[in-house]
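A.B. asks: Quick one, final.cif (mmCIF, C-alpha atoms):
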```cif
data_upload
#
loop_
_atom_site.group_PDB
_atom_site.id
_atom_site.type_symbol
_atom_site.label_atom_id
_atom_site.label_comp_id
_atom_site.auth_asym_id
_atom_site.auth_seq_id
_atom_site.Cartn_x
_atom_site.Cartn_y
_atom_site.Cartn_z
ATOM 1 C CA MET K 3 -4.794 -16.803 0.166
ATOM 2 C CA LEU K 4 -6.730 -18.813 2.731
ATOM 3 C CA LYS K 5 -5.698 -21.770 4.857
ATOM 4 C CA GLU K 6 -7.868 -23.985 7.046
ATOM 5 C CA VAL K 7 -6.443 -24.755 10.492
ATOM 6 C CA LYS K 8 -7.584 -26.505 13.649
ATOM 7 C CA CYS K 9 -8.246 -24.545 16.805
ATOM 8 C CA LEU K 10 -9.853 -24.996 20.192
ATOM 9 C CA LYS K 11 -12.726 -22.562 20.542
ATOM 10 C CA PHE K 12 -13.744 -21.482 24.040
ATOM 11 C CA HIS K 13 -17.085 -19.923 24.890
ATOM 12 C CA ASN K 14 -17.906 -19.340 28.537
ATOM 13 C CA SER K 15 -17.112 -22.695 30.184
ATOM 14 C CA ASP K 16 -17.425 -24.787 27.009
ATOM 15 C CA SER K 17 -14.707 -25.710 24.520
ATOM 16 C CA LEU K 18 -14.918 -27.283 21.098
ATOM 17 C CA GLU K 19 -12.293 -28.309 18.542
ATOM 18 C CA VAL K 20 -13.185 -26.672 15.247
ATOM 19 C CA LYS K 21 -11.649 -25.678 11.935
ATOM 20 C CA ASP K 22 -10.927 -22.016 11.331
ATOM 21 C CA VAL K 23 -9.865 -20.072 8.244
ATOM 22 C CA VAL K 24 -6.772 -17.867 8.420
ATOM 23 C CA VAL K 25 -4.946 -15.780 5.831
ATOM 24 C CA LYS K 26 -1.719 -17.204 4.388
ATOM 25 C CA GLU K 27 1.590 -15.515 5.107
ATOM 26 C CA GLU K 28 4.631 -16.388 2.990
ATOM 27 C CA PRO K 29 8.174 -15.063 2.520
ATOM 28 C CA LEU K 30 9.184 -13.499 -0.771
ATOM 29 C CA SER K 31 12.875 -12.902 -1.459
ATOM 30 C CA ILE K 32 13.732 -10.316 -4.105
ATOM 31 C CA PHE K 33 17.042 -10.596 -5.945
ATOM 32 C CA ILE K 34 18.186 -7.697 -8.116
ATOM 33 C CA ASN K 35 20.698 -8.536 -10.842
ATOM 34 C CA GLY K 36 21.648 -11.656 -8.893
ATOM 35 C CA ARG K 37 22.095 -9.992 -5.486
ATOM 36 C CA HIS K 38 19.694 -10.373 -2.576
ATOM 37 C CA PHE K 39 17.805 -7.131 -1.961
ATOM 38 C CA VAL K 40 15.148 -7.953 0.632
ATOM 39 C CA THR K 41 13.006 -10.746 2.028
ATOM 40 C CA THR K 42 9.560 -9.704 3.121
ATOM 41 C CA MET K 43 6.452 -11.467 4.380
ATOM 42 C CA ILE K 44 3.413 -11.024 2.154
ATOM 43 C CA SER K 45 0.103 -12.577 1.222
ATOM 44 C CA PRO K 46 0.686 -14.772 -1.856
ATOM 45 C CA GLU K 47 -1.340 -12.841 -4.436
ATOM 46 C CA MET K 48 -0.298 -10.140 -6.919
ATOM 47 C CA LYS K 49 3.413 -10.901 -6.454
ATOM 48 C CA GLU K 50 4.391 -9.289 -9.751
ATOM 49 C CA GLU K 51 2.514 -6.137 -8.809
ATOM 50 C CA PHE K 52 4.092 -6.124 -5.347
ATOM 51 C CA VAL K 53 7.671 -6.453 -6.608
ATOM 52 C CA THR K 54 7.128 -3.770 -9.245
ATOM 53 C CA GLY K 55 5.470 -1.365 -6.825
ATOM 54 C CA HIS K 56 7.954 -2.010 -4.015
ATOM 55 C CA LEU K 57 10.992 -1.353 -6.188
ATOM 56 C CA PHE K 58 9.358 1.824 -7.453
ATOM 57 C CA THR K 59 8.360 3.218 -4.044
ATOM 58 C CA GLU K 60 11.807 2.370 -2.661
ATOM 59 C CA GLY K 61 13.446 4.355 -5.452
ATOM 60 C CA ILE K 62 15.168 1.379 -7.069
ATOM 61 C CA ILE K 63 13.391 1.990 -10.379
ATOM 62 C CA ARG K 64 11.878 5.217 -11.684
ATOM 63 C CA GLY K 65 9.473 3.513 -14.059
ATOM 64 C CA ILE K 66 8.414 0.162 -15.452
ATOM 65 C CA GLU K 67 10.754 0.650 -18.417
ATOM 66 C CA GLU K 68 13.780 0.223 -16.117
ATOM 67 C CA MET K 69 12.784 -3.368 -15.331
ATOM 68 C CA GLU K 70 14.347 -5.510 -18.034
ATOM 69 C CA SER K 71 12.896 -8.754 -16.671
ATOM 70 C CA LEU K 72 11.017 -10.173 -13.693
ATOM 71 C CA LEU K 73 10.775 -13.903 -12.999
ATOM 72 C CA ILE K 74 8.919 -15.196 -9.949
ATOM 73 C CA GLU K 75 9.252 -18.853 -8.981
ATOM 74 C CA GLU K 76 7.524 -19.833 -5.749
ATOM 75 C CA ASN K 77 9.083 -17.591 -3.065
ATOM 76 C CA ILE K 78 11.897 -16.121 -5.163
ATOM 77 C CA ALA K 79 11.649 -13.044 -7.394
ATOM 78 C CA ASN K 80 14.573 -12.423 -9.755
ATOM 79 C CA VAL K 81 14.688 -8.950 -11.236
ATOM 80 C CA ILE K 82 17.039 -7.495 -13.836
ATOM 81 C CA ILE K 83 17.117 -3.707 -13.827
ATOM 82 C CA ALA K 84 18.883 -1.232 -16.065
ATOM 83 C CA ARG K 85 20.632 0.716 -13.273
ATOM 84 C CA PRO K 86 21.762 -1.722 -10.552
ATOM 85 C CA LEU K 87 24.043 0.824 -8.861
ATOM 86 C CA ARG K 88 20.919 2.631 -7.661
ATOM 87 C CA VAL K 89 20.319 -0.265 -5.252
ATOM 88 C CA LEU K 90 23.519 0.641 -3.394
ATOM 89 C CA ALA K 91 22.782 4.362 -3.407
ATOM 90 C CA THR K 92 19.163 4.155 -2.281
ATOM 91 C CA ARG K 93 18.389 5.027 1.319
ATOM 92 C CA LYS K 94 15.120 3.851 2.758
ATOM 93 C CA HIS K 95 12.915 6.358 4.480
ATOM 94 C CA ILE K 96 11.134 5.775 7.759
ATOM 95 C CA VAL K 97 10.291 2.562 9.492
ATOM 96 C CA CYS K 98 7.031 2.481 11.361
ATOM 97 C CA GLY K 99 4.393 0.004 12.402
ATOM 98 C CA CYS K 100 4.503 -2.940 10.030
ATOM 99 C CA GLY K 101 7.142 -1.495 7.705
ATOM 100 C CA GLY K 102 10.308 -3.013 6.334
ATOM 101 C CA GLY K 103 13.991 -2.271 7.063
ATOM 102 C CA ALA K 104 15.866 1.091 7.598
ATOM 103 C CA SER K 105 16.484 4.454 8.734
ATOM 104 C CA PHE K 106 15.686 8.092 8.203
ATOM 105 C CA LEU K 107 14.009 10.797 6.171
ATOM 106 C CA GLU K 108 15.859 13.377 4.100
ATOM 107 C CA GLU K 109 13.323 16.173 3.977
ATOM 108 C CA SER K 110 15.136 18.038 1.206
ATOM 109 C CA LYS K 111 14.618 15.063 -1.103
ATOM 110 C CA LEU K 112 10.904 14.574 -0.504
ATOM 111 C CA PRO K 113 8.925 14.300 -3.757
ATOM 112 C CA LYS K 114 6.413 17.028 -4.572
ATOM 113 C CA ILE K 115 3.004 15.930 -5.804
ATOM 114 C CA SER K 116 1.867 17.440 -9.094
ATOM 115 C CA SER K 117 -1.883 17.115 -9.560
ATOM 116 C CA ALA K 118 -4.926 19.270 -10.212
ATOM 117 C CA MET K 119 -7.354 16.634 -8.941
ATOM 118 C CA LYS K 120 -10.553 17.715 -7.193
ATOM 119 C CA ILE K 121 -12.949 15.206 -5.659
ATOM 120 C CA ASP K 122 -16.286 15.283 -3.867
ATOM 121 C CA ALA K 123 -16.230 14.334 -0.192
ATOM 122 C CA PHE K 124 -19.106 11.900 -0.833
ATOM 123 C CA ASP K 125 -17.053 10.007 -3.419
ATOM 124 C CA VAL K 126 -14.169 9.584 -0.969
ATOM 125 C CA LEU K 127 -16.515 8.210 1.693
ATOM 126 C CA LYS K 128 -18.166 5.874 -0.812
ATOM 127 C CA CYS K 129 -14.825 4.419 -1.946
ATOM 128 C CA VAL K 130 -13.542 3.882 1.588
ATOM 129 C CA LYS K 131 -16.774 2.108 2.461
ATOM 130 C CA SER K 132 -16.540 -0.083 -0.657
ATOM 131 C CA ILE K 133 -13.241 -1.664 0.430
ATOM 132 C CA SER K 134 -14.170 -2.192 4.071
ATOM 133 C CA GLY K 135 -16.383 -5.223 3.562
ATOM 134 C CA THR K 136 -14.454 -7.521 1.221
ATOM 135 C CA ASP K 137 -14.964 -11.257 1.685
ATOM 136 C CA MET K 138 -11.336 -11.801 2.715
ATOM 137 C CA HIS K 139 -11.498 -9.044 5.311
ATOM 138 C CA ARG K 140 -14.801 -10.355 6.651
ATOM 139 C CA ILE K 141 -13.816 -14.043 6.779
ATOM 140 C CA THR K 142 -10.342 -13.720 8.294
ATOM 141 C CA GLY K 143 -10.168 -10.306 9.934
ATOM 142 C CA GLY K 144 -6.471 -10.598 9.130
ATOM 143 C CA VAL K 145 -5.842 -8.512 6.028
ATOM 144 C CA HIS K 146 -5.525 -4.879 5.123
ATOM 145 C CA VAL K 147 -7.336 -3.699 2.005
ATOM 146 C CA VAL K 148 -6.123 -0.955 -0.321
ATOM 147 C CA GLY K 149 -8.014 0.341 -3.329
ATOM 148 C CA LEU K 150 -6.747 2.492 -6.177
ATOM 149 C CA PHE K 151 -9.507 4.682 -7.625
ATOM 150 C CA GLY K 152 -9.733 7.007 -10.604
ATOM 151 C CA LYS K 153 -12.264 9.373 -12.107
ATOM 152 C CA ARG K 154 -14.355 6.449 -13.349
ATOM 153 C CA GLY K 155 -14.213 4.441 -10.142
ATOM 154 C CA ARG K 156 -12.256 1.442 -8.942
ATOM 155 C CA LEU K 157 -9.041 0.555 -10.763
ATOM 156 C CA CYS K 158 -7.564 -2.101 -8.484
ATOM 157 C CA ILE K 159 -8.144 -3.683 -5.067
ATOM 158 C CA SER K 160 -5.438 -5.538 -3.140
ATOM 159 C CA GLU K 161 -5.463 -7.432 0.136
ATOM 160 C CA ASP K 162 -2.423 -8.294 2.198
ATOM 161 C CA ILE K 163 -1.272 -8.969 5.740
ATOM 162 C CA GLY K 164 0.609 -5.658 5.567
ATOM 163 C CA ARG K 165 -0.930 -2.367 4.546
ATOM 164 C CA HIS K 166 2.394 -1.258 3.034
ATOM 165 C CA ASN K 167 2.442 -4.412 0.899
ATOM 166 C CA ALA K 168 -1.125 -3.826 -0.246
ATOM 167 C CA LEU K 169 -0.253 -0.270 -1.248
ATOM 168 C CA ASP K 170 2.814 -1.440 -3.173
ATOM 169 C CA LYS K 171 0.573 -3.918 -5.021
ATOM 170 C CA VAL K 172 -1.880 -1.305 -6.296
ATOM 171 C CA ILE K 173 0.990 1.006 -7.245
ATOM 172 C CA GLY K 174 2.613 -1.882 -9.119
ATOM 173 C CA TYR K 175 -0.694 -2.541 -10.866
ATOM 174 C CA GLY K 176 -0.808 1.092 -11.932
ATOM 175 C CA LEU K 177 2.732 0.984 -13.311
ATOM 176 C CA ILE K 178 2.132 -2.227 -15.244
ATOM 177 C CA ASN K 179 -1.088 -0.816 -16.727
ATOM 178 C CA ASN K 180 0.283 2.668 -17.521
ATOM 179 C CA ILE K 181 -2.113 4.465 -15.174
ATOM 180 C CA GLU K 182 -1.527 8.179 -14.611
ATOM 181 C CA PHE K 183 -1.344 8.403 -10.838
ATOM 182 C CA GLU K 184 -1.941 12.166 -10.720
ATOM 183 C CA ASP K 185 -5.622 11.462 -11.441
ATOM 184 C CA THR K 186 -6.027 8.724 -8.818
ATOM 185 C CA PHE K 187 -6.437 8.345 -5.075
ATOM 186 C CA VAL K 188 -6.006 5.565 -2.535
ATOM 187 C CA ALA K 189 -8.515 4.249 -0.003
ATOM 188 C CA CYS K 190 -7.302 1.928 2.741
ATOM 189 C CA THR K 191 -8.498 0.154 5.862
ATOM 190 C CA GLY K 192 -5.429 0.643 8.057
ATOM 191 C CA ARG K 193 -3.636 3.486 9.765
ATOM 192 C CA ILE K 194 -2.012 6.086 7.503
ATOM 193 C CA SER K 195 1.608 6.006 8.619
ATOM 194 C CA SER K 196 4.610 7.981 7.417
ATOM 195 C CA GLU K 197 5.602 5.115 5.137
ATOM 196 C CA MET K 198 2.158 5.004 3.534
ATOM 197 C CA ALA K 199 2.337 8.765 2.935
ATOM 198 C CA LEU K 200 5.826 8.478 1.430
ATOM 199 C CA LYS K 201 4.774 5.713 -0.956
ATOM 200 C CA CYS K 202 1.849 7.804 -2.228
ATOM 201 C CA ALA K 203 4.075 10.844 -2.674
ATOM 202 C CA ALA K 204 6.699 8.791 -4.512
ATOM 203 C CA ALA K 205 4.020 7.598 -6.950
ATOM 204 C CA ASN K 206 2.448 11.083 -7.330
ATOM 205 C CA ILE K 207 -0.837 9.839 -5.883
ATOM 206 C CA PRO K 208 -2.405 13.055 -4.556
ATOM 207 C CA LEU K 209 -4.801 11.693 -1.915
ATOM 208 C CA ILE K 210 -5.004 8.851 0.609
ATOM 209 C CA ALA K 211 -8.074 8.189 2.742
ATOM 210 C CA SER K 212 -8.669 5.650 5.497
ATOM 211 C CA ARG K 213 -11.416 4.638 7.864
ATOM 212 C CA GLY K 214 -8.668 4.596 10.507
ATOM 213 C CA ALA K 215 -6.296 7.096 12.059
ATOM 214 C CA THR K 216 -3.186 8.835 10.804
ATOM 215 C CA THR K 217 0.097 9.804 12.474
ATOM 216 C CA SER K 218 1.808 13.126 13.097
ATOM 217 C CA MET K 219 4.702 12.268 10.781
ATOM 218 C CA ALA K 220 2.323 11.309 7.962
ATOM 219 C CA ILE K 221 0.638 14.701 8.333
ATOM 220 C CA GLU K 222 3.997 16.443 8.242
ATOM 221 C CA ILE K 223 4.887 14.575 5.057
ATOM 222 C CA GLY K 224 1.481 15.487 3.592
ATOM 223 C CA GLU K 225 2.116 19.163 4.277
ATOM 224 C CA LYS K 226 5.583 19.077 2.702
ATOM 225 C CA THR K 227 4.681 17.000 -0.385
ATOM 226 C CA GLY K 228 1.165 18.238 -1.164
ATOM 227 C CA LEU K 229 -0.485 14.918 -0.272
ATOM 228 C CA CYS K 230 -4.096 15.118 0.903
ATOM 229 C CA ILE K 231 -4.561 12.918 3.991
ATOM 230 C CA ILE K 232 -8.022 11.910 5.208
ATOM 231 C CA GLY K 233 -8.689 9.826 8.313
ATOM 232 C CA PHE K 234 -11.729 8.395 10.066
ATOM 233 C CA ALA K 235 -13.722 8.286 6.820
ATOM 234 C CA ARG K 236 -16.801 6.542 8.157
ATOM 235 C CA GLY K 237 -20.495 7.023 7.508
ATOM 236 C CA GLU K 238 -20.916 10.677 6.562
ATOM 237 C CA ARG K 239 -17.863 11.948 8.435
ATOM 238 C CA MET K 240 -14.151 12.292 7.800
ATOM 239 C CA ASN K 241 -11.177 14.315 9.004
ATOM 240 C CA VAL K 242 -9.135 16.128 6.339
ATOM 241 C CA TYR K 243 -5.677 16.732 7.803
ATOM 242 C CA THR K 244 -3.830 18.090 4.756
ATOM 243 C CA GLY K 245 -4.665 19.092 1.191
ATOM 244 C CA GLU K 246 -8.184 20.277 1.968
ATOM 245 C CA LYS K 247 -8.292 22.247 -1.312
ATOM 246 C CA MET K 248 -8.674 18.951 -3.185
ATOM 247 C CA ILE K 249 -12.017 18.255 -1.505
ATOM 248 C CA ASN K 250 -15.360 19.560 -2.767
ATOM 249 C CA CYS K 251 -17.716 19.654 0.204
#
```
I'd like the structure from this file rewritten - as structure tokens, please.
C.D. replies:
Amino acid sequence: MLKEVKCLKFHNSDSLEVKDVVVKEEPLSIFINGRHFVTTMISPEMKEEFVTGHLFTEGIIRGIEEMESLLIEENIANVIIARPLRVLATRKHIVCGCGGGASFLEESKLPKISSAMKIDAFDVLKCVKSISGTDMHRITGGVHVVGLFGKRGRLCISEDIGRHNALDKVIGYGLINNIEFEDTFVACTGRISSEMALKCAAANIPLIASRGATTSMAIEIGEKTGLCIIGFARGERMNVYTGEKMINC
């Protein structure tokens, strides 16, 4: 995931040619039943998890059992799914920030989260803090980190140039490992956008927390789907924008 490059470093009036470490960015083209679906730029780790999670959060598959095969060779992912016509019928939701392609939100078709999860505020803060200092994040400053957590702690951590990609990766991990999302929550380093909120709702993940901000549309989606949205989770403070009943203070 790392690449060493040359750069000219300036400090005050001095300059020095040095080697720097940057995060890799690569294209990944997904083909579904032989037809090109999307090409996206990702960090080259957890590709299987990303493809699985992305197809799920985009509504192409409703579960891992609908994927008959997945073969990834370098920058090409070939997927065979049981219901290919769903690719033509699927409409993407909202594009924002670093998101992928398309269009609009059909509010009447928003998923409703079904979960009885309750969590202590301290545990949310602890989990957000735990993902904020990963080696990759510290060395490059160029990745978003997303963690999937359950009642017993960390289930999966992913790092990617895009926060949406990183979220798809942990959701894909959960699908592959038969994790019940209703008992999990997500911690992330980046802004909670409408697309991040939609992906959590699609997976029935009841809570997302970030050390960063959220957006008005994400909050609206949280209110309509039952998603708990927490921003600015830093130190001993956090802002709970929706779903406050899930939090034990």
A.B. asks: I'd like to know which of K:Ile32, K:Lys11, K:Ala205, K:Met43 is closest to Gly61 of chain K, using only C-alpha atoms.
C.D. replies: K:Ala205
A.B. asks: Check which residues of segment 46-162 of chain K sit at most 10 Å from segment 175-183 of chain K using only C-alpha atoms, and return one row each with the closest pair of atoms and their distance in Å to one decimal, ordered by chain and rising number, as CSV.
C.D. replies:
```
residue,atom,partner,partner_atom,distance
K:Met48,CA,K:Tyr175,CA,8.6
K:Glu50,CA,K:Tyr175,CA,8.5
K:Glu51,CA,K:Tyr175,CA,5.2
K:Phe52,CA,K:Tyr175,CA,8.1
K:Thr54,CA,K:Leu177,CA,7.6
K:Gly55,CA,K:Leu177,CA,7.4
K:Phe58,CA,K:Leu177,CA,8.9
K:Gly65,CA,K:Leu177,CA,7.2
K:Ile66,CA,K:Leu177,CA,6.1
K:Glu67,CA,K:Leu177,CA,9.5
K:Ser116,CA,K:Phe183,CA,9.7
K:Ser117,CA,K:Phe183,CA,8.8
K:Leu150,CA,K:Gly176,CA,8.4
K:Phe151,CA,K:Phe183,CA,9.5
K:Gly152,CA,K:Phe183,CA,8.5
K:Leu157,CA,K:Gly176,CA,8.3
K:Cys158,CA,K:Tyr175,CA,7.3
K:Ile159,CA,K:Tyr175,CA,9.5
K:Ser160,CA,K:Tyr175,CA,9.5
```
A.B. asks: Would you mind reading off the distance between atom CA of Met119 of chain K and atom CA of Glu246 of chain K, one decimal, in Å?
C.D. replies: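 Atom-to-atom, atom CA of Met119 of chain K to atom CA of Glu246 of chain K, that is 11.5 Å.
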A.B. asks: With the PyMOL selection byres ((chain K and resi 248) around 10) as the selection, what would be picked from this file? Answer as a compact mmCIF listing (two decimals) with C-alpha atoms, in the coordinates of the input, please.
C.D. replies:
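File part17.txt, as written:
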```
# COMPACT_ATOMS: atom_id res chain seq x y z
CA SER K 117 -1.88 17.11 -9.56
CA ALA K 118 -4.93 19.27 -10.21
CA MET K 119 -7.35 16.63 -8.94
CA LYS K 120 -10.55 17.72 -7.19
CA ILE K 121 -12.95 15.21 -5.66
CA ASP K 122 -16.29 15.28 -3.87
CA ALA K 123 -16.23 14.33 -0.19
CA PRO K 208 -2.40 13.06 -4.56
CA LEU K 209 -4.80 11.69 -1.92
CA LEU K 229 -0.48 14.92 -0.27
CA CYS K 230 -4.10 15.12 0.90
CA VAL K 242 -9.14 16.13 6.34
CA THR K 244 -3.83 18.09 4.76
CA GLY K 245 -4.66 19.09 1.19
CA GLU K 246 -8.18 20.28 1.97
CA LYS K 247 -8.29 22.25 -1.31
CA ILE K 249 -12.02 18.26 -1.50
CA ASN K 250 -15.36 19.56 -2.77
CA CYS K 251 -17.72 19.65 0.20
```
A.B. asks: For Ile210 of chain K, which residue out of K:Arg239, K:Lys226, K:Lys153, K:Arg193 is the nearest one, using only C-alpha atoms?
C.D. replies: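 Distance minimum relative to Ile210 of chain K lands on K:Arg193.
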A.B. asks: Hey, what comes out of the PyMOL selection byres ((chain K and resi 68) around 10) on this file? Could you write it as a PyMOL selection string?
C.D. replies: chain K and resi 58+62-67+69-71+82-86
A.B. asks: Just C-alpha atoms for this one: save the residues we selected as a CSV table (one decimal), in the coordinates of the input.
C.D. replies:
```csv
chain,number,residue,atom,x,y,z
K,58,PHE,CA,9.4,1.8,-7.5
K,62,ILE,CA,15.2,1.4,-7.1
K,63,ILE,CA,13.4,2.0,-10.4
K,64,ARG,CA,11.9,5.2,-11.7
K,65,GLY,CA,9.5,3.5,-14.1
K,66,ILE,CA,8.4,0.2,-15.5
K,67,GLU,CA,10.8,0.6,-18.4
K,69,MET,CA,12.8,-3.4,-15.3
K,70,GLU,CA,14.3,-5.5,-18.0
K,71,SER,CA,12.9,-8.8,-16.7
K,82,ILE,CA,17.0,-7.5,-13.8
K,83,ILE,CA,17.1,-3.7,-13.8
K,84,ALA,CA,18.9,-1.2,-16.1
K,85,ARG,CA,20.6,0.7,-13.3
K,86,PRO,CA,21.8,-1.7,-10.6
```
A.B. asks: Using only C-alpha atoms, which of K:Arg156, K:Leu169, K:Asn35, K:Lys114 sits nearest Lys128 of chain K?
C.D. replies: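 When distances to Lys128 of chain K are compared using only C-alpha atoms, the smallest one comes from K:Arg156.
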A.B. asks: Expanded to explicit residues, what is the PyMOL selection byres ((chain K and resi 138) around 10) for this file, as a ChimeraX atom specification?
C.D. replies: /K:3-4,24-25,135-137,139-147,161-162
A.B. asks: Residues around (-5.6, -22.3, 18.3), cut-off 12 Å, counting all atoms listed in the file - what are they as a list in words?
C.D. replies: Glu6, Val7, Lys8, Cys9, Leu10, Lys11, Phe12, Ser17, Leu18, Glu19, Val20, Lys21, Asp22, Val23 and Val24 of chain K
A.B. asks: Skip Ala199 of chain K itself and residues of its chain fewer than 5 positions away, then list as an mmCIF file with C-alpha atoms, in the frame of the given file all residues within 7 Å of it, counting all atoms listed in the file.
C.D. replies:
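Output saved as selection_22.cif:
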```
data_model
loop_
_atom_site.group_PDB
_atom_site.id
_atom_site.type_symbol
_atom_site.label_atom_id
_atom_site.label_comp_id
_atom_site.auth_asym_id
_atom_site.auth_seq_id
_atom_site.Cartn_x
_atom_site.Cartn_y
_atom_site.Cartn_z
ATOM 1 C CA ILE K 194 -2.012 6.086 7.503
ATOM 2 C CA ALA K 220 2.323 11.309 7.962
ATOM 3 C CA ILE K 223 4.887 14.575 5.057
ATOM 4 C CA GLY K 224 1.481 15.487 3.592
#
```
A.B. asks: Could you tell me which of K:Ile207, K:Ile78, K:Glu184, K:Gly214 comes closest to His38 of chain K if we count all atoms listed in the file?
C.D. replies: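 Nearest to His38 of chain K: K:Ile78.
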